Amino acid sequence: MRFSNQRKVLPGFRFTLGYTLLYLGLIVLIPLAATFAKTAELSWGQFWHAVASPDAVSAFRLSFGISLMAALVNLVFGLLVAWVLVRYQFWGRRLMDALVDLPFALPTAVAGISLTAIYAQNGWVGRWFAPFGIQIFYTSLGIFVALTFIGLPFVVRTVQPVLEDFDIEIEEAAASLGASRWKTFWRVILPMVMPALLTGFALAFARALGEYGSVVFISSNIPLKTQIIPLLIMNKLNQFDYAGASALAVVMLVVSFVMLFVINYLQWRSSRHNAHS
Amino acid sequence: MKSLLNVVLLLLLAATATAKDIKMLNVSYDPTREFYQQYNSAFAKYWQAKTGDNVAVDMSNGGSGKQALAVINGLEADVVTLALAYDIDAISQQAKLLPADWQKRLPDNSTPYTSTIVFLVRKGNPKHIKDWDDVVKSGISVVTPNPKTSGGARWAFLAAYAYALETYGHDDAKARDFIAKLYKNVPVLDSGARGSTITFAQRGVGDVLLAWENEAQLAIKEAGGEKFDIVTPPLSILAEPPVAVVDANARRHGTLEVAQAYLEHLYSDEGQDLAVKNFYRPRNEKIAAKYAGQFAQLKLVTVDKEFGSWQKAQQTFFADGGVFDQIYER
């Protein structure tokens with residue numbers, strides 16, 4: 001409460017905090033609490049039956065596994081894109097910069113339909129893979145493509161401002177002190193962008209976990225093979241099984257929360273590490 | 001001049017005072033879109049001639065199960081026109097918005113028009129698909145939606161199962177093998193009938209689409225008869241997409257009477273005629289005779305006769321751990 005005693009340029013700490021709590025409560029906490037309340041209707045046996053059935057286990061594995069892979073790929077290539085956009089001046093840079101936001105703005109169903117059209121066996125990209133027996137759409141590879149697509153802007157947009165603030169002289173100093181290029185990147189640049197990179201990674205991962213619209217079009221949605229958790233939840237709702245659906249949602253929430261918590265912790269540690277060094 | 005204007009204004013006022021403007025919401029499943037667009041304006045004319053009231057019917061279309069869920073969760077439907085009785089049963093059981101015996105209140109199981117499941121194949125039928133046992137042959141790729149989410153897919157599942165029961169002397173184990181073979185041939189399970197039609201027609205996936213008859217006719221019409229053929233198997237299921245007034249909602253809106261008339265008018269010559277124009281099979285024998293050439297003859301089995309009831313069929317085949325789930329768990 002020490003903030004409230006100091007004179008601030010803009011007053012209203014209590015008012016804004018109150019509003020923030022109300023807003024978060026209404027928009028986030030109450031709906032989530034309802035999910036838990038609905039799940040509480042189930043006995044432990046029923047809960048276990050809902051979340052440990054073979055199709056649920058396979059869907060959890062698929063959802064978490066592919067979301068993680070897509071986020072990792074975005075971690076690497078998002079950093080690369082951000083680097084190119086910040087460090088180089090070239091024709092069409094502005095346009096490329098704007099393109100990065102496209103997956104944000106596009107309705108995910110549209111993304112799913114266009115990705116499917118392109119990667120289908122008669123599509124622009126798909127037809128070049130088909131002769132080699134590689135099928136992208138209707139497989140987990142297709143899900144991976146869709147999740148990478150929707151996750152890309154998160155890493156780019158979180159890393160970009162950090163790189164923009166990054167003083168090029170630091171690199172020069174490292175070089176003049178005899179660091180190799182690799183060492184400059186590994187020991188100087190990477191630690192500086194690490195917190196932002198982790199945030200971007202966490203956001204891309206969380207976004208991929210919840211993605212429904214684009215995946216259902218590009219995946220074949222076969223039980224035990226290519227069914228993601230959000231689709232399984234929709235299936236349960238379609239069968240009027242609210243409690244079963246919220247049981248799956250609760251598991252997803254808890255696991256996501258733990259993972260985000262761990263990532264935030266890592267991020268906090270790496271930014272503290274930066275502050276000290 | 002001024003007095004004339006006053007008279008006109010008074011007349012207008014009087015007219016609006018007696019003629020009520022009624023608004024109604026019809027919550028329906030996916031492939032009825034075109035049909036109800038036409039029927040709603042026909043009914044508005046009929047109702048205005050009869051009572052002088054203006055009635056405007058809004059539509060909400062979507063997957064049948066999802067639509068039922070929306071009504072349960074409070075979508076203010078005056079009438080529901082869904083893909084199968086089970087979904088309206090759910091509204092009755094879970095939200096108590098209409099009595100359990102709703103299906104007895106209108107003729108013919110509360111289903112003014114019917115349809116069936118047919119095969120849509122590539123032009124010229126290159127894989128020679130004539131009957132259900134051709135569909136399960138190895139190397140045939142079959143497109144059908146997920147029966148857990150799509151009403152049409154459930155009818156298709158039951159049609160195939162009924163064929164197997166009739167062919168293999170009502171041996172359940174053999175019928176299960178048959179249905180497992182069929183779904184082994186399915187490379188993609190879309191969530192709804194429209195999705196599957198797009199997969200088959202636009203993506204070029206599959207040799208055969210198990211489709212609503214009306215949806216298949218529509219696909220042919222849209223492709224100009226160039227790309228697909230319809231194959232009607234000798235045996236399929238009588239698909240009954242039922243209609244019902246949602247009593248509790250209609251009573252609150254004061255639309256009980258007009259909602260009732262809206263559904264009854266579906267059985268009239270005009271309603272039946274429009275249904276045929278949108279490729280639904282009519283109930284009215286006179287209309288059926290008039291359009292006899294438009295619908296292929298085949299043996300149609302009913303859910304009630306073959307499987308007891310929708311409730312039973314749902315429990316056995318589509319509930320969690322049911323026959324459909326077991327296909328993928330073996």
# chains A, B, ... in the order shown; residues from 1 in each chain; ligands from 1
call {"tool": "interface_residues", "arguments": {"of": "chain A", "to": "chain B", "cutoff": "10 Å", "atoms": "only C-alpha atoms", "output": "PyMOL selection string"}}
result
chain A and resi 50+53-55+116-123+137-139+216-227+231-232+234-241
call {"tool": "write_last_selection", "arguments": {"atoms": "C-alpha atoms", "output": "tab-separated table (two decimals), in the first residue's frame"}}
result
chain	number	residue	atom	x	y	z
A	50	ALA	CA	-13.74	-39.07	-18.53
A	53	SER	CA	-10.35	-42.93	-21.46
A	54	PRO	CA	-8.14	-44.01	-24.39
A	55	ASP	CA	-9.38	-41.26	-26.70
A	116	THR	CA	-6.28	-27.33	-46.09
A	117	ALA	CA	-6.85	-26.15	-49.65
A	118	ILE	CA	-3.13	-25.53	-50.11
A	119	TYR	CA	-1.89	-28.71	-48.48
A	120	ALA	CA	-4.59	-31.03	-49.88
A	121	GLN	CA	-3.42	-33.63	-52.40
A	122	ASN	CA	-4.71	-31.43	-55.22
A	123	GLY	CA	-3.48	-28.17	-53.60
A	137	PHE	CA	-3.39	-32.54	-44.52
A	138	TYR	CA	-5.47	-34.96	-42.44
A	139	THR	CA	-2.38	-36.01	-40.46
A	216	VAL	CA	-10.57	-29.20	-37.27
A	217	PHE	CA	-10.32	-28.41	-40.96
A	218	ILE	CA	-6.79	-29.65	-41.57
A	219	SER	CA	-6.93	-32.65	-39.24
A	220	SER	CA	-8.79	-35.83	-40.14
A	221	ASN	CA	-10.27	-35.89	-36.61
A	222	ILE	CA	-10.02	-39.67	-36.33
A	223	PRO	CA	-10.39	-40.87	-32.71
A	224	LEU	CA	-7.10	-42.00	-31.11
A	225	LYS	CA	-5.14	-40.58	-34.04
A	226	THR	CA	-5.79	-36.97	-34.92
A	227	GLN	CA	-8.36	-35.73	-32.43
A	231	LEU	CA	-12.50	-31.16	-30.49
A	232	LEU	CA	-13.10	-33.89	-27.93
A	234	MET	CA	-16.93	-30.16	-28.50
A	235	ASN	CA	-17.89	-33.78	-29.13
A	236	LYS	CA	-18.85	-34.24	-25.50
A	237	LEU	CA	-20.94	-31.06	-25.53
A	238	ASN	CA	-22.68	-32.25	-28.68
A	239	GLN	CA	-23.68	-35.33	-26.73
A	240	PHE	CA	-24.97	-33.09	-23.91
A	241	ASP	CA	-22.25	-34.39	-21.60
call {"tool": "residues_around", "arguments": {"residues": "Asp133 of chain B", "least_positions_apart": "5", "cutoff": "12 Å", "atoms": "only C-alpha atoms", "output": "PyMOL selection string"}}
result
chain B and resi 128+138+140+160-161+163-164+167-168+175+178-179+181-182+233-235
call {"tool": "write_last_selection", "arguments": {"atoms": "C-alpha atoms", "output": "mmCIF file, in the first residue's frame"}}
result
data_model
loop_
_atom_site.group_PDB
_atom_site.id
_atom_site.type_symbol
_atom_site.label_atom_id
_atom_site.label_comp_id
_atom_site.auth_asym_id
_atom_site.auth_seq_id
_atom_site.Cartn_x
_atom_site.Cartn_y
_atom_site.Cartn_z
ATOM 1 C CA HIS B 128 -18.510 -49.337 -59.319
ATOM 2 C CA SER B 138 -10.578 -52.447 -49.199
ATOM 3 C CA ILE B 140 -12.407 -47.617 -51.251
ATOM 4 C CA ALA B 160 -25.029 -49.209 -42.958
ATOM 5 C CA TYR B 161 -25.669 -51.138 -39.757
ATOM 6 C CA TYR B 163 -27.918 -53.223 -44.133
ATOM 7 C CA ALA B 164 -25.495 -55.517 -42.304
ATOM 8 C CA THR B 167 -27.752 -59.189 -44.891
ATOM 9 C CA TYR B 168 -26.168 -61.301 -42.148
ATOM 10 C CA ALA B 175 -22.773 -56.214 -38.222
ATOM 11 C CA PHE B 178 -19.051 -54.665 -41.130
ATOM 12 C CA ILE B 179 -19.331 -51.212 -39.593
ATOM 13 C CA LYS B 181 -14.570 -52.156 -41.931
ATOM 14 C CA LEU B 182 -16.581 -49.208 -43.190
ATOM 15 C CA PRO B 233 -28.489 -48.305 -52.608
ATOM 16 C CA PRO B 234 -31.266 -50.943 -52.621
ATOM 17 C CA LEU B 235 -31.634 -50.518 -48.857
#
call {"tool": "closest_residue", "arguments": {"among": "B:Ser41, B:Ala193, B:Gly206, B:Ala85", "to": "Lys104 of chain B", "atoms": "only C-alpha atoms"}}
result
B:Ala85
call {"tool": "residues_around", "arguments": {"residues": "Leu85 of chain A", "least_positions_apart": "3", "cutoff": "10 Å", "atoms": "only C-alpha atoms", "output": "list of chain:residue names"}}
result
A:Leu79, A:Leu80, A:Val81, A:Ala82, A:Tyr88, A:Gln89, A:Phe90, A:Arg93, A:Arg94, A:Met96, A:Asp97, A:Val156, A:Gln160, A:Leu163, A:Glu164
call {"tool": "write_last_selection", "arguments": {"atoms": "C-alpha atoms", "output": "mmCIF file, in the first residue's frame"}}
result
data_model
loop_
_atom_site.group_PDB
_atom_site.id
_atom_site.type_symbol
_atom_site.label_atom_id
_atom_site.label_comp_id
_atom_site.auth_asym_id
_atom_site.auth_seq_id
_atom_site.Cartn_x
_atom_site.Cartn_y
_atom_site.Cartn_z
ATOM 1 C CA LEU A 79 13.582 -15.041 -33.332
ATOM 2 C CA LEU A 80 15.032 -15.249 -36.829
ATOM 3 C CA VAL A 81 12.141 -13.277 -38.341
ATOM 4 C CA ALA A 82 12.353 -10.638 -35.609
ATOM 5 C CA TYR A 88 18.239 -5.196 -41.908
ATOM 6 C CA GLN A 89 16.865 -2.587 -44.228
ATOM 7 C CA PHE A 90 15.563 -4.060 -47.454
ATOM 8 C CA ARG A 93 10.493 -4.884 -45.058
ATOM 9 C CA ARG A 94 7.411 -2.937 -43.980
ATOM 10 C CA MET A 96 6.844 -8.318 -44.311
ATOM 11 C CA ASP A 97 6.433 -6.722 -40.925
ATOM 12 C CA VAL A 156 8.078 -12.163 -33.267
ATOM 13 C CA GLN A 160 11.048 -7.446 -31.745
ATOM 14 C CA LEU A 163 15.915 -6.297 -30.240
ATOM 15 C CA GLU A 164 15.037 -2.759 -31.293
#
call {"tool": "atom_distance", "arguments": {"atom1": "atom CA of Val258 of chain A", "atom2": "atom CA of Pro31 of chain A"}}
result
19.0 Å
call {"tool": "residues_around", "arguments": {"residues": "Thr199 of chain A", "least_positions_apart": "6", "cutoff": "12 Å", "atoms": "only C-alpha atoms", "output": "PyMOL selection string"}}
result
chain A and resi 71+75+154-159+162+193+205-206+260-268+270-271
call {"tool": "write_last_selection", "arguments": {"atoms": "C-alpha atoms", "output": "PDB file, in the first residue's frame"}}
result
ATOM      1  CA  ALA A  71       5.903 -23.355 -30.126  1.00  0.00           C
ATOM      2  CA  LEU A  75      10.781 -19.926 -30.857  1.00  0.00           C
ATOM      3  CA  PHE A 154       3.573 -14.147 -30.644  1.00  0.00           C
ATOM      4  CA  VAL A 155       7.327 -14.785 -30.618  1.00  0.00           C
ATOM      5  CA  VAL A 156       8.078 -12.163 -33.267  1.00  0.00           C
ATOM      6  CA  ARG A 157       6.065  -9.445 -31.566  1.00  0.00           C
ATOM      7  CA  THR A 158       7.475 -10.050 -28.089  1.00  0.00           C
ATOM      8  CA  VAL A 159      11.106 -10.297 -29.225  1.00  0.00           C
ATOM      9  CA  VAL A 162      13.697  -5.970 -27.191  1.00  0.00           C
ATOM     10  CA  VAL A 193      16.302 -11.556 -25.424  1.00  0.00           C
ATOM     11  CA  PHE A 205       2.142 -22.512 -26.735  1.00  0.00           C
ATOM     12  CA  ALA A 206      -0.990 -21.442 -24.863  1.00  0.00           C
ATOM     13  CA  LEU A 260       2.783 -21.222 -17.766  1.00  0.00           C
ATOM     14  CA  PHE A 261       3.821 -20.873 -14.146  1.00  0.00           C
ATOM     15  CA  VAL A 262       7.076 -22.720 -14.806  1.00  0.00           C
ATOM     16  CA  ILE A 263       7.773 -20.632 -17.906  1.00  0.00           C
ATOM     17  CA  ASN A 264       7.085 -17.419 -16.011  1.00  0.00           C
ATOM     18  CA  TYR A 265       9.439 -18.559 -13.287  1.00  0.00           C
ATOM     19  CA  LEU A 266      12.185 -19.255 -15.815  1.00  0.00           C
ATOM     20  CA  GLN A 267      11.560 -15.885 -17.371  1.00  0.00           C
ATOM     21  CA  TRP A 268      11.741 -14.143 -14.004  1.00  0.00           C
ATOM     22  CA  SER A 270      16.596 -15.074 -16.516  1.00  0.00           C
ATOM     23  CA  SER A 271      15.629 -11.391 -16.301  1.00  0.00           C
TER      24      SER A 271
END
call {"tool": "select_by_dssp", "arguments": {"residues": "segment 188-240 of chain B", "states": "strand (DSSP E or B)", "output": "number ranges by chain"}}
result
B: 208-212, 228-231, 235-237, 239
call {"tool": "select_by_dssp", "arguments": {"residues": "segment 179-240 of chain A", "states": "alpha helix (DSSP H)", "output": "NGL selection string"}}
result
:A and (181-183 or 190-210 or 215-218 or 229-238)
call {"tool": "closest_residue", "arguments": {"among": "A:Met194, A:Ile168, A:Leu248, A:Ala109", "to": "Glu211 of chain A", "atoms": "only C-alpha atoms"}}
result
A:Ala109
call {"tool": "residues_around", "arguments": {"residues": "Thr111 of chain B", "least_positions_apart": "2", "cutoff": "7 Å", "atoms": "only C-alpha atoms", "output": "PyMOL selection string"}}
result
chain B and resi 108-109+113-114+240-243
call {"tool": "write_last_selection", "arguments": {"atoms": "N, CA and C atoms", "output": "short mmCIF file (atom, residue, chain, number, x, y, z; two decimals), in the first residue's frame"}}
result
data_model
loop_
_atom_site.label_atom_id
_atom_site.label_comp_id
_atom_site.auth_asym_id
_atom_site.auth_seq_id
_atom_site.Cartn_x
_atom_site.Cartn_y
_atom_site.Cartn_z
N ASP B 108 -47.28 -38.44 -38.35
CA ASP B 108 -46.07 -39.07 -38.90
C ASP B 108 -44.84 -38.83 -38.03
N ASN B 109 -44.93 -39.14 -36.74
CA ASN B 109 -43.76 -38.96 -35.86
C ASN B 109 -43.28 -37.53 -35.83
N TYR B 113 -41.53 -34.14 -43.47
CA TYR B 113 -40.81 -34.56 -44.68
C TYR B 113 -39.74 -35.54 -44.23
N THR B 114 -39.30 -36.39 -45.13
CA THR B 114 -38.26 -37.35 -44.75
C THR B 114 -37.12 -37.25 -45.76
N GLU B 240 -35.84 -39.40 -40.48
CA GLU B 240 -36.97 -38.54 -40.10
C GLU B 240 -36.46 -37.35 -39.31
N PRO B 241 -36.27 -36.20 -39.95
CA PRO B 241 -35.87 -35.00 -39.21
C PRO B 241 -37.11 -34.31 -38.64
N PRO B 242 -37.33 -34.41 -37.34
CA PRO B 242 -38.61 -33.98 -36.78
C PRO B 242 -38.67 -32.49 -36.47
N VAL B 243 -39.91 -32.02 -36.26
CA VAL B 243 -40.15 -30.62 -35.93
C VAL B 243 -40.97 -30.56 -34.64
#
call {"tool": "atom_distance", "arguments": {"atom1": "atom CA of Phe43 of chain B", "atom2": "atom CA of Lys96 of chain B"}}
result
28.0 Å
call {"tool": "atom_distance", "arguments": {"atom1": "atom CA of Asp229 of chain B", "atom2": "atom CA of Asp131 of chain B"}}
result
14.0 Å
call {"tool": "residues_around", "arguments": {"residues": "Met24 of chain B", "least_positions_apart": "2", "cutoff": "8 Å", "atoms": "only C-alpha atoms", "output": "mmCIF file with N, CA and C atoms, in the first residue's frame"}}
result
data_model
loop_
_atom_site.group_PDB
_atom_site.id
_atom_site.type_symbol
_atom_site.label_atom_id
_atom_site.label_comp_id
_atom_site.auth_asym_id
_atom_site.auth_seq_id
_atom_site.Cartn_x
_atom_site.Cartn_y
_atom_site.Cartn_z
ATOM 1 N N ILE B 22 -45.603 -10.290 -35.778
ATOM 2 C CA ILE B 22 -45.136 -11.407 -34.966
ATOM 3 C C ILE B 22 -43.738 -11.799 -35.417
ATOM 4 N N ASN B 26 -36.923 -19.997 -35.652
ATOM 5 C CA ASN B 26 -36.860 -21.413 -35.986
ATOM 6 C C ASN B 26 -35.399 -21.857 -35.913
ATOM 7 N N VAL B 55 -46.079 -12.149 -40.000
ATOM 8 C CA VAL B 55 -45.169 -12.985 -39.226
ATOM 9 C C VAL B 55 -43.823 -13.069 -39.947
ATOM 10 N N ALA B 56 -42.779 -12.761 -39.192
ATOM 11 C CA ALA B 56 -41.423 -12.859 -39.733
ATOM 12 C C ALA B 56 -40.702 -13.957 -38.964
ATOM 13 N N VAL B 57 -40.193 -14.957 -39.686
ATOM 14 C CA VAL B 57 -39.511 -16.064 -39.022
ATOM 15 C C VAL B 57 -38.010 -15.937 -39.236
ATOM 16 N N ASP B 58 -37.282 -15.826 -38.137
ATOM 17 C CA ASP B 58 -35.818 -15.815 -38.216
ATOM 18 C C ASP B 58 -35.314 -17.240 -38.183
ATOM 19 N N ALA B 77 -35.771 -20.303 -28.998
ATOM 20 C CA ALA B 77 -36.434 -20.876 -30.170
ATOM 21 C C ALA B 77 -37.922 -21.061 -29.910
ATOM 22 N N ASP B 78 -38.760 -20.620 -30.863
ATOM 23 C CA ASP B 78 -40.192 -20.905 -30.772
ATOM 24 C C ASP B 78 -40.477 -22.294 -31.323
ATOM 25 N N THR B 255 -46.521 -16.831 -28.867
ATOM 26 C CA THR B 255 -46.525 -17.277 -30.265
ATOM 27 C C THR B 255 -46.995 -18.724 -30.398
ATOM 28 N N ALA B 259 -46.949 -20.632 -33.941
ATOM 29 C CA ALA B 259 -45.901 -21.645 -34.042
ATOM 30 C C ALA B 259 -46.508 -22.991 -34.420
#
